[in-house]
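Working notes for the structure below.
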Amino acid sequence: MNKDRTIQIIGHIVMFIITVCILLPLFILIGSSLTDNLTLIQCGYNVFPRKFSLDAYEYIFNSKESIFRSYGISIVLVMVGTTVSLCLSLPLAYAISRPGLTLKGPLIFYVFFTMLFNGGLVPTYVNYVNVFHIRDTFLALLLPNLLMNAMYILLIKNYFQNSVPEELMEAATVDGAGRFNIFLRIALPLAKPIIATIMLFVATGYWNDWNNGYVYLSKRRDLYGIQTLLNVLNQNIQALAQQDFDMNSSAEALSEMPTVSVRMAMAVVGLLPILVMYPFLQKNIVKGITLGAVKG
């Protein structure tokens with residue numbers, strides 16, 4: 001009994017140390033974003049601000065581009081992208097998880113093949129721009145990520161195979177339920193853990209994506225999501241920092257700009273919604289990943 005108690009205490013200590021190591025960079029990030037830029041340069045990063053300042057956040061929220069509009073674009077993108085992705089992934093994953101499906105093997109291989117190979121950056125860009133005509137539209141933010149979720153399909157497939165009792169399916173079939181009713185009324189309610197897990201993955205992917213807006217939105221800056229906007233602001237700061245200071249206007253603008261602390265503030269602004277959303281889905285994430293993983 002004492003041995004078990006000792007192991008439990010050691011386990012708690014180890015987990016506490018790991019938790020501190022994980023949270024410490026986050027606290028340093030937040031503390032640095034609230035520190036005066038000059039103090040941050042002179043004294044370095046710290047958990048607690050040596051000289052409290054909101055200049056970095058004022059610079060972000062007072063920029064020419066509306067950060068609130070970009071927040072709205074990202075929120076709409078996450079909601080639409082997550083919903084459509086689940087609507088496409090769940091039926092396909094359920095179908096290839098059922099025994100006796102015609103061409104089940106080729107379908108699974110086709111899904112898995114897309115995880116290993118793609119057409120490359122240039123052909124992908126040409127197809128999306130010249131064939132699908134998504135440049136400077138909201139679809140430029142939605143479609144590229146929507147068609148790259150093979151891993152999620154396989155996770156959901158394995159969950160249906162290993163965690164939804166086949167006896168329930170057979171009983172429903174005997175009672176006269178069709179495949180669609182079985183999917184909606186039996187499979188989906190039992191798949192809440194994997195659905196919550198995939199929902200978080202897809203939502204995080206859409207929220208953190210900046211590349212699609214950077215590549216496909218050449219004229220419509222009003223469609224920039226939050227990550228794309230923050231990336232543009234960061235590039236503007238770098239461009240000013242690299243300019244020659246012969247022009248007084250550039251030197252004056254750079255001196256008034258929180259070049260270091262603003263980067264910390266950008267990370268906080270981009271990370272905050274994910275931190276808010278995660279606790280509501282946490283209890284299902286581990287279960288969903290574990291039960292949806294490939295069983296050896």
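For the structure tokens, the naming scheme is as follows: chains receive sequential letters (A, B, ...) according to their order of presentation, residues are indexed from 1 within each chain, and ligands are indexed from 1 in presentation order.
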Distance query Thr83 in chain A at most 12 Å, only C-alpha atoms, self and fewer than 5 positions along chain excluded, as a list in words: Val76, Leu77, Val78, Leu88, Ser89, Leu90, Leu142, Leu146, Ile195, Ala196, Ile198, Met199, Leu200, Val202, Ala203 and Tyr206 of chain A
Give me, as a VMD selection string, all polymer residues having an atom no more than 7 Å from range 160-168 of chain A, counting only C-alpha atoms and skipping those fewer than 4 positions away in the same chain. chain A and resid 94 97 156 172 187 190 291
With N, CA and C atoms retained, could you export that selection as a short mmCIF file (atom, residue, chain, number, x, y, z; two decimals), in the first residue's frame?
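And here's result.cif as it stands now:
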data_model
loop_
_atom_site.label_atom_id
_atom_site.label_comp_id
_atom_site.auth_asym_id
_atom_site.auth_seq_id
_atom_site.Cartn_x
_atom_site.Cartn_y
_atom_site.Cartn_z
N TYR A 94 -17.75 6.58 -42.14
CA TYR A 94 -18.70 5.54 -41.73
C TYR A 94 -18.86 4.49 -42.83
N SER A 97 -15.99 2.10 -43.07
CA SER A 97 -15.84 1.29 -41.85
C SER A 97 -16.77 0.09 -41.83
N ILE A 156 -11.75 8.65 -37.77
CA ILE A 156 -13.19 8.41 -37.56
C ILE A 156 -13.54 6.99 -37.98
N ALA A 172 -30.51 -2.95 -35.12
CA ALA A 172 -31.25 -1.91 -35.83
C ALA A 172 -31.67 -2.39 -37.21
N ALA A 187 -24.81 5.53 -34.90
CA ALA A 187 -23.37 5.75 -35.05
C ALA A 187 -22.95 7.14 -34.57
N LEU A 190 -23.00 7.86 -30.71
CA LEU A 190 -21.94 7.14 -30.01
C LEU A 190 -20.54 7.66 -30.38
N LEU A 291 -9.37 5.95 -28.93
CA LEU A 291 -10.25 4.97 -29.53
C LEU A 291 -10.22 5.03 -31.04
#
From the list A:Ile237, A:Leu217, A:Leu38, A:Ala95, which residue is nearest Lys157 in chain A when using only C-alpha atoms?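 Of A:Ile237, A:Leu217, A:Leu38, A:Ala95, the one nearest Lys157 in chain A, counting only C-alpha atoms, is A:Ala95.
In terms of minimum interatomic distance to Glu58 in chain A, A:Leu34 ranks closest within A:Ile73, A:Leu34, A:Val126, A:Cys21, counting only C-alpha atoms.
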Atom-to-atom span, CA of Asn127 in chain A and CA of Phe112 in chain A, Å: 21.7 Å
Could you state the separation of CA of Val111 in chain A and CA of Thr173 in chain A in Å, given to one decimal place?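 Those two atoms sit 27.9 Å apart.
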